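Visitor: Input run00.txt, format and content: compact mmCIF, C-alpha atoms.
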# COMPACT_ATOMS: atom_id res chain seq x y z
CA ALA A 25 0.00 0.00 0.00
CA LEU A 26 1.17 3.53 -0.71
CA SER A 27 0.81 4.58 2.94
CA ALA A 28 3.30 1.87 3.97
CA THR A 29 6.27 3.36 2.13
CA PRO A 30 9.07 4.59 4.44
CA ALA A 31 8.81 8.30 3.53
CA ILE A 32 5.02 8.35 3.90
CA ARG A 33 5.25 6.42 7.17
CA ARG A 34 7.78 8.92 8.56
CA LEU A 35 5.61 11.84 7.45
CA HIS A 36 2.48 10.27 8.96
CA GLU A 37 4.17 9.49 12.28
CA THR A 38 5.67 12.97 12.55
CA ALA A 39 2.39 14.66 11.63
CA THR A 40 0.59 12.57 14.26
CA ARG A 41 3.13 13.57 16.88
CA LEU A 42 3.33 17.26 16.01
CA LEU A 43 -0.22 18.08 14.94
CA ASP A 44 -2.67 16.11 17.05
CA GLY A 45 -3.93 18.51 19.70
CA ARG A 46 -1.01 20.91 19.32
CA SER A 47 -0.53 24.30 17.72
CA LEU A 48 1.65 24.41 14.61
CA SER A 49 4.89 26.21 15.47
CA SER A 50 7.37 27.45 12.88
CA GLU A 51 9.75 24.65 13.91
CA HIS A 52 7.07 21.99 13.44
CA LEU A 53 6.11 23.49 10.08
CA ALA A 54 9.73 23.40 8.93
CA GLU A 55 10.06 19.73 9.95
CA LEU A 56 6.88 18.74 8.11
CA ARG A 57 8.01 20.61 5.00
CA ARG A 58 11.36 18.79 5.13
CA LEU A 59 9.68 15.39 5.34
CA THR A 60 7.21 16.29 2.59
CA SER A 61 10.16 17.21 0.36
CA ALA A 62 11.66 13.74 0.97
CA VAL A 63 8.74 11.91 -0.68
CA THR A 64 9.41 10.84 -4.28
CA LEU A 65 7.11 9.51 -6.96
CA SER A 66 9.26 6.41 -7.48
CA GLU A 67 9.14 5.51 -3.78
CA LEU A 68 5.35 5.55 -3.98
CA GLY A 69 5.56 2.87 -6.65
CA PHE A 70 4.68 5.06 -9.62
CA GLN A 71 6.76 5.33 -12.75
CA GLU A 72 6.91 8.70 -14.49
CA HIS A 73 6.06 7.21 -17.87
CA TRP A 74 2.70 6.05 -16.44
CA LEU A 75 1.65 9.69 -16.20
CA LEU A 76 2.89 10.50 -19.70
CA GLN A 77 1.70 7.24 -21.29
CA PRO A 78 -1.27 5.93 -19.25
CA GLU A 79 -1.68 2.99 -21.61
CA ARG A 80 1.54 1.57 -20.14
CA VAL A 81 0.15 1.29 -16.59
CA PRO A 82 0.43 -2.40 -15.59
CA SER A 83 -2.90 -4.18 -15.55
CA ASP A 84 -2.11 -5.73 -12.15
CA LEU A 85 -1.22 -2.43 -10.43
CA GLU A 86 -2.67 -2.42 -6.92
CA GLU A 87 -3.94 1.14 -7.34
CA GLU A 88 -5.33 0.53 -10.85
CA ASP A 89 -8.97 0.99 -9.90
CA VAL A 90 -8.19 4.27 -8.12
CA LEU A 91 -6.24 5.50 -11.14
CA HIS A 92 -9.03 4.83 -13.63
CA PRO A 93 -10.44 8.40 -13.46
CA PHE A 94 -6.95 9.84 -14.08
CA LEU A 95 -6.40 7.49 -17.00
CA ARG A 96 -9.66 8.84 -18.45
CA GLY A 97 -8.64 12.46 -18.11
CA LYS A 98 -10.13 13.33 -14.71
CA VAL A 99 -8.51 14.70 -11.56
CA THR A 100 -8.00 11.79 -9.15
CA TYR A 101 -7.32 11.82 -5.40
CA LEU A 102 -5.34 9.01 -3.79
CA HIS A 103 -5.83 8.95 -0.03
CA LEU A 104 -2.63 7.99 1.81
CA SER A 105 -3.28 8.47 5.53
CA GLU A 106 -4.94 10.67 8.11
CA GLY A 107 -4.94 11.61 11.77
CA SER A 108 -7.34 13.49 13.98
CA ALA A 109 -5.79 16.79 12.84
CA PHE A 110 -4.53 16.12 9.29
CA THR A 111 -5.06 14.35 5.99
CA LEU A 112 -2.39 13.22 3.53
CA GLY A 113 -2.98 12.35 -0.11
CA ILE A 114 -1.97 12.77 -3.74
CA PHE A 115 -3.83 14.61 -6.48
CA MET A 116 -3.25 13.16 -9.96
CA ILE A 117 -4.04 15.91 -12.50
CA PRO A 118 -4.15 15.16 -16.24
CA GLN A 119 -2.71 17.73 -18.63
CA HIS A 120 -4.91 20.85 -18.95
CA ALA A 121 -7.17 19.70 -16.10
CA GLN A 122 -7.70 21.95 -13.11
CA ILE A 123 -8.39 21.90 -9.39
CA PRO A 124 -10.66 24.97 -9.29
CA LEU A 125 -10.21 28.03 -7.10
CA HIS A 126 -11.02 27.03 -3.51
CA ASP A 127 -10.19 27.99 0.06
CA HIS A 128 -8.81 26.43 3.24
CA PRO A 129 -10.35 28.41 6.14
CA ASN A 130 -8.01 28.63 9.14
CA MET A 131 -5.94 25.79 7.69
CA THR A 132 -2.37 25.13 6.60
CA VAL A 133 -1.49 23.07 3.52
CA ILE A 134 1.95 21.81 2.55
CA SER A 135 2.07 20.70 -1.09
CA ARG A 136 4.83 19.21 -3.18
CA LEU A 137 4.72 18.75 -6.93
CA LEU A 138 6.07 15.23 -7.38
CA PHE A 139 5.93 15.24 -11.16
CA GLY A 140 5.08 17.57 -13.99
CA SER A 141 4.51 21.28 -14.39
CA MET A 142 1.51 23.30 -13.19
CA ARG A 143 0.27 26.85 -12.94
CA VAL A 144 -0.56 28.06 -9.43
CA ARG A 145 -2.78 31.07 -8.79
CA ALA A 146 -3.36 32.19 -5.21
CA PHE A 147 -5.41 35.02 -3.70
CA ASP A 148 -5.62 36.74 -0.32
CA PRO A 149 -8.93 38.31 0.76
CA VAL A 150 -8.85 42.09 0.99
CA VAL A 151 -9.97 43.20 4.44
CA PRO A 152 -11.84 46.52 4.08
CA SER A 153 -10.63 49.35 6.26
CA ALA A 154 -13.00 51.06 8.67
CA ASN A 155 -13.25 54.18 6.49
CA SER A 156 -13.55 52.40 3.14
CA SER A 157 -16.63 53.15 1.11
CA ALA A 158 -19.12 50.52 0.02
CA LYS A 159 -18.38 48.83 -3.28
CA ASP A 160 -20.19 50.02 -6.36
CA PRO A 161 -22.60 47.15 -7.17
CA SER A 162 -21.95 47.71 -10.86
CA ARG A 163 -18.40 46.46 -10.29
CA ILE A 164 -19.67 43.04 -9.34
CA ALA A 165 -20.98 40.83 -12.11
CA SER A 166 -24.77 41.04 -11.89
CA GLU A 167 -25.71 38.60 -14.60
CA GLU A 168 -27.42 35.74 -12.78
CA GLY A 169 -25.44 32.55 -13.13
CA GLY A 170 -22.81 34.42 -15.14
CA LYS A 171 -19.23 33.26 -15.10
CA ARG A 172 -17.52 36.22 -16.71
CA ARG A 173 -14.05 37.11 -15.62
CA ARG A 174 -13.61 40.79 -14.76
CA LEU A 175 -10.40 41.83 -13.06
CA LEU A 176 -10.46 44.98 -10.93
CA GLY A 177 -7.10 46.46 -11.73
CA ALA A 178 -3.87 44.54 -12.13
CA ALA A 179 -3.83 42.77 -8.79
CA GLN A 180 -7.39 42.57 -7.45
CA ALA A 181 -10.46 40.57 -8.39
CA VAL A 182 -13.94 39.82 -7.12
CA LEU A 183 -14.39 36.14 -6.29
CA ARG A 184 -17.93 34.80 -6.33
CA PRO A 185 -18.64 31.63 -4.31
CA MET A 186 -19.86 28.88 -6.61
CA MET A 187 -20.45 26.04 -4.16
CA ALA A 188 -19.27 24.58 -0.88
CA ALA A 189 -18.10 21.01 -0.59
CA PHE A 190 -20.23 20.08 2.39
CA GLN A 191 -23.05 22.65 2.74
CA SER A 192 -24.69 25.61 1.01
CA SER A 193 -22.21 28.30 0.08
CA SER A 194 -22.47 31.95 0.95
CA THR A 195 -23.62 34.15 -1.93
CA GLN A 196 -21.49 37.12 -0.89
CA PRO A 197 -18.73 38.01 -3.38
CA LEU A 198 -15.25 38.41 -1.98
CA THR A 199 -12.72 41.03 -3.00
CA ALA A 200 -9.28 39.45 -3.14
CA ARG A 201 -5.73 40.37 -4.07
CA LEU A 202 -3.76 38.20 -6.47
CA LYS A 203 -0.85 36.91 -4.41
CA GLU A 204 0.78 34.43 -6.78
CA ASP A 205 0.50 33.51 -10.43
CA LYS A 206 3.34 31.26 -11.47
CA VAL A 207 4.26 28.01 -13.18
CA VAL A 208 6.09 25.56 -10.93
CA GLN A 209 8.09 22.48 -11.85
CA ALA A 210 8.53 19.23 -9.93
CA SER A 211 11.20 19.74 -7.31
CA THR A 212 11.93 19.29 -3.63
CA ASP A 213 10.53 22.76 -2.90
CA THR A 214 7.16 22.75 -1.17
CA LEU A 215 4.22 25.08 -1.75
CA LEU A 216 2.66 26.57 1.36
CA VAL A 217 -0.89 27.70 2.12
CA LEU A 218 -1.38 29.50 5.43
CA PRO A 219 -4.55 30.75 7.15
CA ASP A 220 -3.63 34.33 6.17
CA CYS A 221 -1.54 33.84 3.02
CA CYS A 222 -2.37 32.24 -0.36
CA ASN A 223 -5.38 30.59 1.27
CA ILE A 224 -7.52 30.67 -1.89
CA HIS A 225 -5.78 28.93 -4.77
CA GLU A 226 -6.14 26.84 -7.93
CA PHE A 227 -3.91 24.37 -9.77
CA THR A 228 -3.89 24.00 -13.57
CA ALA A 229 -1.78 21.19 -15.05
CA GLU A 230 0.57 22.32 -17.80
CA SER A 231 1.53 18.64 -18.13
CA PRO A 232 0.35 15.51 -16.30
CA CYS A 233 0.96 16.19 -12.61
CA ALA A 234 1.13 14.47 -9.25
CA VAL A 235 0.76 16.71 -6.16
CA LEU A 236 1.31 15.54 -2.60
CA ASP A 237 -0.88 17.39 -0.06
CA LEU A 238 -0.60 17.52 3.74
CA LEU A 239 -3.56 19.46 5.12
CA THR A 240 -4.08 20.53 8.75
CA PRO A 241 -6.46 20.73 10.48
CA ARG A 242 -8.98 18.69 8.53
CA TYR A 243 -12.00 20.26 6.85
CA SER A 244 -14.90 20.43 9.34
CA VAL A 245 -18.22 22.19 8.79
CA ALA A 246 -18.99 21.99 12.52
CA GLU A 247 -15.78 23.89 13.28
CA GLY A 248 -16.19 26.45 10.49
CA ARG A 249 -13.84 24.85 7.97
CA ASP A 250 -15.94 24.13 4.92
CA CYS A 251 -14.31 24.19 1.47
CA THR A 252 -15.79 26.87 -0.79
CA TYR A 253 -15.15 27.02 -4.55
CA TYR A 254 -14.93 30.38 -6.30
CA GLU A 255 -14.96 31.93 -9.75
CA VAL A 256 -13.33 35.21 -10.78
CA VAL A 257 -16.03 37.61 -12.03
Spit out the file's structure as structure tokens when you get a sec.

Guide:
Amino acid sequence: ALSATPAIRRLHETATRLLDGRSLSSEHLAELRRLTSAVTLSELGFQEHWLLQPERVPSDLEEEDVLHPFLRGKVTYLHLSEGSAFTLGIFMIPQHAQIPLHDHPNMTVISRLLFGSMRVRAFDPVVPSANSSAKDPSRIASEEGGKRRRLLGAAQAVLRPMMAAFQSSSTQPLTARLKEDKVVQASTDTLLVLPDCCNIHEFTAESPCAVLDLLTPRYSVAEGRDCTYYEVV
């Protein structure tokens, strides 16, 4: 099983020790990022050519059934392990496919691109100042059900909630500042989402991709951590 590999086992054991019932210090974050960087695609039992040539995936591969959606051009999630305060898994993203713009309320996510190349866009909500004036409604897309992109200047946008993963989404648009827009390559460098930085992001695969995700704490509607998807209007 994928979760039994040495690097994943070390990451799981360390996350269990550092995250369950404890606050995430900068030292703990650095240790988890180091262990996330140590995970390789080959150690997980995947060959790079499987992502580039899905027809060459062995018919007796243990994870074959899980990979079927990816082999048919759909984003696929492989669950590796979890604890009371974290989840660990891999997103398999076919070329040109996308994990849409979504948030991680009061959560931290450590990601590592194991293979491929992908575009990352991340936004930070703009907190209005006490003396700021109300937004002109005409600056927010008013067409019902419309999905028209309309950037407000070079670095700001209005994000409209589309849906929440576990319950009804708020209908209030959100003004946000573009924090990152870059193409990343597979490397040992990790990507970081913090409660107050790059918390709303999307991934678009420039080539077939595999992304390892360590997320803490877990999504929980009861504790105010639902996942909301957005569109730029």

Visitor: Which is closest to Pro152 of chain A among A:His120, A:His126, A:His52, A:Arg201, if we use all atoms listed in the file?

Guide: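 Closest to Pro152 of chain A, using all atoms listed in the file: A:Arg201.
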
Visitor: Pull the closest atom pair for each residue of segment 100-133 of chain A that gets at most 7 Å from segment 233-255 of chain A, along with the distance in Å to one decimal, counting all atoms listed in the file, ordering rows by chain and then ascending residue number, as a Markdown table.

Guide:
| residue | atom | partner | partner_atom | distance |
| --- | --- | --- | --- | --- |
| A:Ala109 | CA | A:Pro241 | CA | 4.6 |
| A:Phe110 | CA | A:Thr240 | CA | 4.5 |
| A:Thr111 | CA | A:Leu239 | CA | 5.4 |
| A:Leu112 | CA | A:Leu238 | CA | 4.7 |
| A:Gly113 | CA | A:Asp237 | CA | 5.5 |
| A:Ile114 | CA | A:Leu236 | CA | 4.4 |
| A:Phe115 | CA | A:Val235 | CA | 5.1 |
| A:Met116 | CA | A:Ala234 | CA | 4.6 |
| A:Ile117 | CA | A:Cys233 | CA | 5.0 |
| A:Pro118 | CA | A:Cys233 | CA | 6.4 |
| A:Pro124 | CA | A:Tyr253 | CA | 6.8 |
| A:Leu125 | CA | A:Tyr254 | CA | 5.3 |
| A:His126 | CA | A:Tyr253 | CA | 4.3 |
| A:Asp127 | CA | A:Thr252 | CA | 5.8 |
| A:His128 | CA | A:Cys251 | CA | 6.2 |
| A:Pro129 | CA | A:Arg249 | CA | 5.3 |
| A:Met131 | CA | A:Thr240 | CA | 5.7 |
| A:Thr132 | CA | A:Thr240 | CA | 5.4 |
| A:Val133 | CA | A:Leu239 | CA | 4.5 |

Visitor: Separation of atom CA of Leu53 of chain A and atom CA of Thr100 of chain A, in Å?

Guide: 26.6 Å

Visitor: Quick one: of A:Thr64, A:Gln196, A:Asn223, A:Thr228, who's nearest to Ser141 of chain A, counting all atoms listed in the file?

Guide: A:Thr228

Visitor: Nearest to Lys98 of chain A: which of A:Ala181, A:Pro232, A:Ala39, A:Arg143 is it, counting all atoms listed in the file?

Guide: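 Nearest to Lys98 of chain A: A:Pro232.
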
Visitor: Figure out the distance between atom CA of Ile123 of chain A and atom CA of Thr29 of chain A, please, to one decimal in Å.

Guide: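 Atom CA of Ile123 of chain A lies 26.3 Å from atom CA of Thr29 of chain A.
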
Visitor: Quick one, how far is atom CA of Ser49 of chain A from atom CA of Ser211 of chain A?

Guide: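 These atoms are spaced 24.5 Å apart.
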
Visitor: Using all atoms listed in the file, which of the listed residues (A:Pro197, A:Gly140, A:Pro149, A:Pro219) sits closest to Gln180 of chain A?

Guide: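 Closest to Gln180 of chain A of all the choices is A:Pro149.
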
Visitor: Using all atoms listed in the file, which residue out of A:Leu198, A:Leu48, A:Val182, A:Met142 lies closest to Leu218 of chain A?

Guide: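 The shortest atom-to-atom distance to Leu218 of chain A comes from A:Leu48.
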